[in-house]
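Shown here: start.json, JSON, C-alpha atoms.
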[["chain", "number", "residue", "atom", "x", "y", "z"],
["O", 1, "MET", "CA", 0.00, 0.00, 0.00],
["O", 2, "SER", "CA", 2.88, 2.41, 0.69],
["O", 3, "GLN", "CA", 4.02, 2.03, -2.93],
["O", 4, "PHE", "CA", 0.53, 3.01, -4.02],
["O", 5, "LYS", "CA", 0.59, 6.08, -1.73],
["O", 6, "ASN", "CA", 3.97, 7.09, -3.14],
["O", 7, "LEU", "CA", 2.65, 6.72, -6.68],
["O", 8, "MET", "CA", -0.45, 8.78, -5.84],
["O", 9, "ALA", "CA", 1.66, 11.52, -4.22],
["O", 10, "ALA", "CA", 4.04, 11.68, -7.19],
["O", 11, "SER", "CA", 1.11, 11.75, -9.63],
["O", 12, "ALA", "CA", -0.56, 14.54, -7.68],
["O", 13, "LEU", "CA", 2.60, 16.65, -7.71],
["O", 14, "PHE", "CA", 2.97, 16.10, -11.45],
["O", 15, "ALA", "CA", -0.68, 16.93, -12.07],
["O", 16, "ALA", "CA", -0.49, 20.08, -9.96],
["O", 17, "ALA", "CA", 2.62, 21.22, -11.82],
["O", 18, "THR", "CA", 1.02, 20.73, -15.25],
["O", 19, "VAL", "CA", -2.28, 22.45, -14.51],
["O", 20, "GLN", "CA", -2.10, 26.22, -14.99],
["O", 21, "ALA", "CA", -5.27, 27.72, -13.63],
["O", 22, "GLY", "CA", -7.57, 27.92, -10.70],
["O", 23, "GLY", "CA", -8.93, 25.15, -8.65],
["O", 24, "SER", "CA", -10.69, 24.40, -5.41],
["O", 25, "LEU", "CA", -10.18, 23.00, -1.95],
["O", 26, "ASP", "CA", -13.00, 20.95, -0.43],
["O", 27, "LEU", "CA", -13.19, 19.86, 3.20],
["O", 28, "SER", "CA", -16.07, 17.84, 4.65],
["O", 29, "LEU", "CA", -16.58, 16.49, 8.14],
["O", 30, "SER", "CA", -18.86, 14.14, 10.03],
["O", 31, "ASP", "CA", -18.53, 12.60, 13.48],
["O", 32, "GLU", "CA", -16.29, 9.81, 12.15],
["O", 33, "THR", "CA", -14.99, 10.95, 8.74],
["O", 34, "VAL", "CA", -12.97, 13.72, 7.18],
["O", 35, "ARG", "CA", -12.54, 14.18, 3.44],
["O", 36, "ALA", "CA", -10.11, 16.62, 1.87],
["O", 37, "ALA", "CA", -10.03, 17.21, -1.88],
["O", 38, "TYR", "CA", -8.04, 19.38, -4.27],
["O", 39, "ASP", "CA", -9.24, 20.09, -7.80],
["O", 40, "ALA", "CA", -7.45, 21.96, -10.56],
["O", 41, "THR", "CA", -8.63, 23.00, -14.02],
["O", 42, "LYS", "CA", -6.50, 24.08, -16.94],
["O", 43, "VAL", "CA", -8.02, 27.23, -18.45],
["O", 44, "GLY", "CA", -9.69, 26.77, -21.82],
["O", 45, "SER", "CA", -8.80, 23.09, -22.14],
["O", 46, "GLY", "CA", -11.57, 21.38, -20.21],
["O", 47, "LEU", "CA", -8.96, 19.31, -18.32],
["O", 48, "HIS", "CA", -9.82, 18.76, -14.67],
["O", 49, "ILE", "CA", -7.47, 16.99, -12.24],
["O", 50, "SER", "CA", -8.45, 15.95, -8.71],
["O", 51, "MET", "CA", -6.96, 14.35, -5.63],
["O", 52, "ASP", "CA", -9.01, 13.18, -2.62],
["O", 53, "PHE", "CA", -8.27, 11.71, 0.80],
["O", 54, "LEU", "CA", -10.97, 10.14, 2.97],
["O", 55, "HIS", "CA", -10.28, 9.08, 6.57],
["O", 56, "HIS", "CA", -12.69, 7.17, 8.80],
["O", 57, "THR", "CA", -11.82, 7.05, 12.51],
["O", 58, "ASP", "CA", -12.41, 3.31, 12.88],
["O", 59, "ASP", "CA", -12.59, 1.84, 9.39],
["O", 60, "GLY", "CA", -9.61, 3.08, 7.35],
["O", 61, "GLU", "CA", -8.53, 5.42, 4.57],
["O", 62, "MET", "CA", -9.01, 5.92, 0.85],
["O", 63, "VAL", "CA", -7.07, 8.05, -1.63],
["O", 64, "SER", "CA", -7.97, 8.84, -5.22],
["O", 65, "LEU", "CA", -6.51, 10.67, -8.19],
["O", 66, "GLY", "CA", -8.86, 11.71, -10.98],
["O", 67, "ALA", "CA", -8.77, 13.09, -14.51],
["O", 68, "HIS", "CA", -11.86, 14.50, -16.20],
["O", 69, "VAL", "CA", -13.05, 16.63, -19.05],
["O", 70, "VAL", "CA", -15.46, 19.42, -18.19],
["O", 71, "ASP", "CA", -18.01, 21.30, -20.26],
["O", 72, "VAL", "CA", -16.45, 24.68, -21.12],
["O", 73, "ARG", "CA", -19.00, 25.83, -23.71],
["O", 74, "ASP", "CA", -20.86, 28.39, -21.58],
["O", 75, "SER", "CA", -19.36, 29.62, -18.31],
["O", 76, "SER", "CA", -22.63, 31.35, -17.36],
["O", 77, "SER", "CA", -24.62, 28.09, -17.52],
["O", 78, "ASN", "CA", -26.35, 26.91, -14.36],
["O", 79, "LEU", "CA", -25.10, 23.35, -15.05],
["O", 80, "TYR", "CA", -21.43, 22.39, -14.68],
["O", 81, "ILE", "CA", -20.53, 18.77, -15.47],
["O", 82, "GLY", "CA", -17.44, 16.63, -15.84],
["O", 83, "VAL", "CA", -16.89, 13.01, -16.87],
["O", 84, "GLY", "CA", -13.82, 10.86, -16.46],
["O", 85, "GLY", "CA", -12.26, 8.51, -13.99],
["O", 86, "LYS", "CA", -10.47, 8.08, -10.71],
["O", 87, "ALA", "CA", -7.79, 5.67, -9.54],
["O", 88, "TYR", "CA", -8.55, 4.54, -5.97],
["O", 89, "GLY", "CA", -6.49, 2.97, -3.23],
["O", 90, "PHE", "CA", -7.80, 1.97, 0.18],
["O", 91, "ARG", "CA", -6.81, 0.34, 3.45],
["O", 92, "THR", "CA", -9.27, -0.90, 6.06],
["O", 93, "ARG", "CA", -8.85, -1.37, 9.79],
["O", 94, "GLY", "CA", -10.67, -3.64, 12.20],
["O", 95, "ASP", "CA", -10.73, -7.34, 13.04],
["O", 96, "GLU", "CA", -9.39, -8.09, 9.57],
["O", 97, "GLU", "CA", -7.45, -5.62, 7.46],
["O", 98, "TYR", "CA", -7.89, -5.32, 3.71],
["O", 99, "SER", "CA", -6.27, -3.19, 1.04],
["O", 100, "GLY", "CA", -6.78, -2.72, -2.64],
["O", 101, "GLY", "CA", -7.94, -0.33, -5.27],
["O", 102, "GLY", "CA", -9.60, 0.13, -8.59],
["O", 103, "VAL", "CA", -10.23, 2.47, -11.48],
["O", 104, "GLY", "CA", -13.68, 4.02, -11.33],
["O", 105, "LEU", "CA", -15.51, 5.69, -14.19],
["O", 106, "GLY", "CA", -18.10, 8.36, -13.54],
["O", 107, "GLY", "CA", -18.49, 12.06, -13.18],
["O", 108, "PHE", "CA", -19.63, 15.06, -11.21],
["O", 109, "PHE", "CA", -22.11, 17.90, -11.56],
["O", 110, "ARG", "CA", -23.22, 21.17, -9.99],
["O", 111, "TYR", "CA", -26.56, 22.77, -10.81],
["O", 112, "ARG", "CA", -27.32, 26.32, -9.62],
["O", 113, "LEU", "CA", -31.00, 26.91, -9.06],
["O", 114, "PRO", "CA", -32.17, 29.64, -11.50],
["O", 115, "GLN", "CA", -34.56, 31.10, -8.91],
["O", 116, "ALA", "CA", -31.85, 31.27, -6.20],
["O", 117, "GLN", "CA", -28.37, 31.53, -7.76],
["O", 118, "ALA", "CA", -26.65, 31.16, -4.37],
["O", 119, "VAL", "CA", -28.17, 27.66, -3.94],
["O", 120, "SER", "CA", -26.91, 24.66, -5.87],
["O", 121, "ILE", "CA", -27.15, 20.88, -5.91],
["O", 122, "ALA", "CA", -23.94, 18.98, -6.56],
["O", 123, "GLY", "CA", -22.70, 15.43, -6.54],
["O", 124, "TYR", "CA", -20.55, 12.72, -8.00],
["O", 125, "VAL", "CA", -20.65, 9.00, -8.66],
["O", 126, "TYR", "CA", -17.85, 6.56, -9.62],
["O", 127, "TYR", "CA", -17.94, 2.80, -10.07],
["O", 128, "ALA", "CA", -14.97, 0.45, -10.35],
["O", 129, "PRO", "CA", -16.15, -2.96, -11.62],
["O", 130, "PRO", "CA", -14.34, -6.23, -10.86],
["O", 131, "VAL", "CA", -12.30, -6.14, -14.09],
["O", 132, "VAL", "CA", -10.41, -3.01, -12.91],
["O", 133, "SER", "CA", -10.38, -3.69, -9.16],
["O", 134, "VAL", "CA", -7.23, -5.10, -7.57],
["O", 135, "ALA", "CA", -5.98, -6.89, -4.44],
["O", 136, "ASP", "CA", -8.82, -7.39, -1.92],
["O", 137, "ALA", "CA", -11.35, -5.28, -3.86],
["O", 138, "GLU", "CA", -14.01, -6.95, -5.94],
["O", 139, "ASN", "CA", -15.67, -3.64, -6.86],
["O", 140, "LEU", "CA", -16.03, -0.14, -5.49],
["O", 141, "ILE", "CA", -18.65, 2.60, -5.55],
["O", 142, "ASP", "CA", -18.05, 6.21, -4.43],
["O", 143, "THR", "CA", -20.98, 8.66, -4.36],
["O", 144, "ASP", "CA", -21.89, 11.99, -2.83],
["O", 145, "VAL", "CA", -24.82, 14.38, -3.18],
["O", 146, "ARG", "CA", -24.99, 17.79, -1.50],
["O", 147, "LEU", "CA", -27.03, 20.95, -1.15],
["O", 148, "GLN", "CA", -24.75, 24.00, -1.30],
["O", 149, "TYR", "CA", -25.10, 27.66, -0.43],
["O", 150, "ALA", "CA", -22.68, 30.28, -1.82],
["O", 151, "LEU", "CA", -21.48, 32.33, 1.14],
["O", 152, "ILE", "CA", -19.50, 34.48, -1.30],
["O", 153, "PRO", "CA", -18.91, 33.85, -5.03],
["O", 154, "THR", "CA", -15.83, 31.71, -4.29],
["O", 155, "ALA", "CA", -16.96, 29.78, -1.20],
["O", 156, "ARG", "CA", -19.84, 27.32, -0.78],
["O", 157, "ALA", "CA", -20.97, 25.74, 2.49],
["O", 158, "TYR", "CA", -22.89, 22.48, 2.13],
["O", 159, "VAL", "CA", -24.69, 19.60, 3.76],
["O", 160, "GLY", "CA", -24.47, 16.26, 2.00],
["O", 161, "TYR", "CA", -24.74, 12.51, 2.05],
["O", 162, "ARG", "CA", -21.80, 10.28, 1.09],
["O", 163, "TYR", "CA", -21.70, 6.56, 0.39],
["O", 164, "THR", "CA", -18.36, 4.86, -0.25],
["O", 165, "GLY", "CA", -18.75, 1.09, -0.41],
["O", 166, "ILE", "CA", -16.26, -1.61, -1.30],
["O", 167, "ARG", "CA", -17.15, -5.19, -2.15],
["O", 168, "LEU", "CA", -14.30, -7.24, -0.70],
["O", 169, "GLU", "CA", -13.33, -10.66, -2.00],
["O", 170, "ASP", "CA", -14.72, -13.53, 0.09],
["O", 171, "VAL", "CA", -16.76, -11.16, 2.31],
["O", 172, "ASN", "CA", -20.57, -11.24, 2.13],
["O", 173, "ASP", "CA", -21.35, -7.66, 3.15],
["O", 174, "ARG", "CA", -20.18, -4.52, 1.39],
["O", 175, "PHE", "CA", -17.56, -2.65, 3.44],
["O", 176, "GLU", "CA", -18.74, 0.93, 3.96],
["O", 177, "LEU", "CA", -15.83, 3.29, 4.42],
["O", 178, "GLY", "CA", -18.02, 6.38, 4.33],
["O", 179, "ASP", "CA", -21.79, 6.27, 4.76],
["O", 180, "GLY", "CA", -23.79, 9.15, 6.11],
["O", 181, "ALA", "CA", -24.38, 12.86, 6.36],
["O", 182, "HIS", "CA", -21.59, 15.42, 6.40],
["O", 183, "LEU", "CA", -21.02, 19.18, 6.45],
["O", 184, "GLY", "CA", -18.45, 20.91, 4.31],
["O", 185, "LEU", "CA", -16.90, 23.97, 2.75],
["O", 186, "LYS", "CA", -15.62, 24.30, -0.81],
["O", 187, "ILE", "CA", -13.37, 27.22, -1.71],
["O", 188, "ASP", "CA", -12.59, 28.17, -5.33],
["O", 189, "PHE", "CA", -9.44, 30.07, -6.33]]
Could you render the structure from this file as structure tokens?
Amino acid sequence: MSQFKNLMAASALFAAATVQAGGSLDLSLSDETVRAAYDATKVGSGLHISMDFLHHTDDGEMVSLGAHVVDVRDSSSNLYIGVGGKAYGFRTRGDEEYSGGGVGLGGFFRYRLPQAQAVSIAGYVYYAPPVVSVADAENLIDTDVRLQYALIPTARAYVGYRYTGIRLEDVNDRFELGDGAHLGLKIDF
């Protein structure tokens, strides 16, 4: 797993160095989880790079590195979408420890309500099927949906629901690394 973390860190540094534009920092908290994410977009290209870290007090950690294309046709549109993929790595804790990863395909969106421009609905979903899941992972699903409020044009506070589930080999139940409500703040720069 440490080789995977080293690879993810090196990839993130490379990605950050190649992206020449703004981005965002996203921090969400619940009683047992913290998620930190960094996103960067290259101006005019539609390239979007992301790196996430999820920590659960009792159950383990997950890291991901993503690459997406985003819709750059109309910057004044209420809908902002991106499609692509993420490479995941995880480690569980508990009676038995598992580790693994996968490559998930999916995307994200943000929709500003036309009647209340400060309010938006956002989310993401990624699925890594068995064919691209490795080690102890049979498949993986990572989802989040949130209701956001723009405190200022570059900062949104939100309440959301996250589900991160991993089907482990030879285990009947899906391992839930993140499942439940959370509060967060996303800052654009």
Put a box with edges along x, y and z around all the listed atoms of range 117-128 of chain O, pad it by 3 Å on each side, then give me its centre and sizes in Å, one decimal, as JSON.
{"center_x": -21.7, "center_y": 16.0, "center_z": -7.1, "size_x": 19.4, "size_y": 37.1, "size_z": 12.4}
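Here the question is which of O:Asp74, O:Ala150, O:Gly123, O:Gly44 gets nearest to Tyr163 in chain O using all atoms listed in the file, and that residue is O:Gly123.
Across the structure, CA of Ile166 in chain O and CA of Ala122 in chain O are spaced 22.6 Å apart.
Around Asp71 in chain O, within 7 Å and counting all atoms listed in the file, the residues found are Gly46, Val69, Arg73, Tyr80, Ile81 and Gly82 of chain O, once anything fewer than 2 positions away on its own chain is removed.
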Which residues come within 8 Å of range 132-143 of chain O, counting all atoms listed in the file, excluding same-chain residues fewer than 5 positions away, as a VMD selection string? chain O and resid 98 to 104 123 to 127 162 to 169
Which residues of range 82-155 of chain O come within 6 Å of range 52-64 of chain O, and what is each one's closest atom pair and distance in Å (one decimal), counting all atoms listed in the file, sorted by chain and residue number, as a Markdown table?
| residue | atom | partner | partner_atom | distance |
| --- | --- | --- | --- | --- |
| O:Ala87 | CA | O:Ser64 | CA | 5.4 |
| O:Tyr88 | CA | O:Ser64 | CA | 4.4 |
| O:Gly89 | CA | O:Val63 | CA | 5.4 |
| O:Phe90 | CA | O:Met62 | CA | 4.2 |
| O:Arg91 | CA | O:Glu61 | CA | 5.5 |
| O:Thr92 | CA | O:Gly60 | CA | 4.2 |
| O:Arg93 | CA | O:Asp59 | CA | 4.9 |
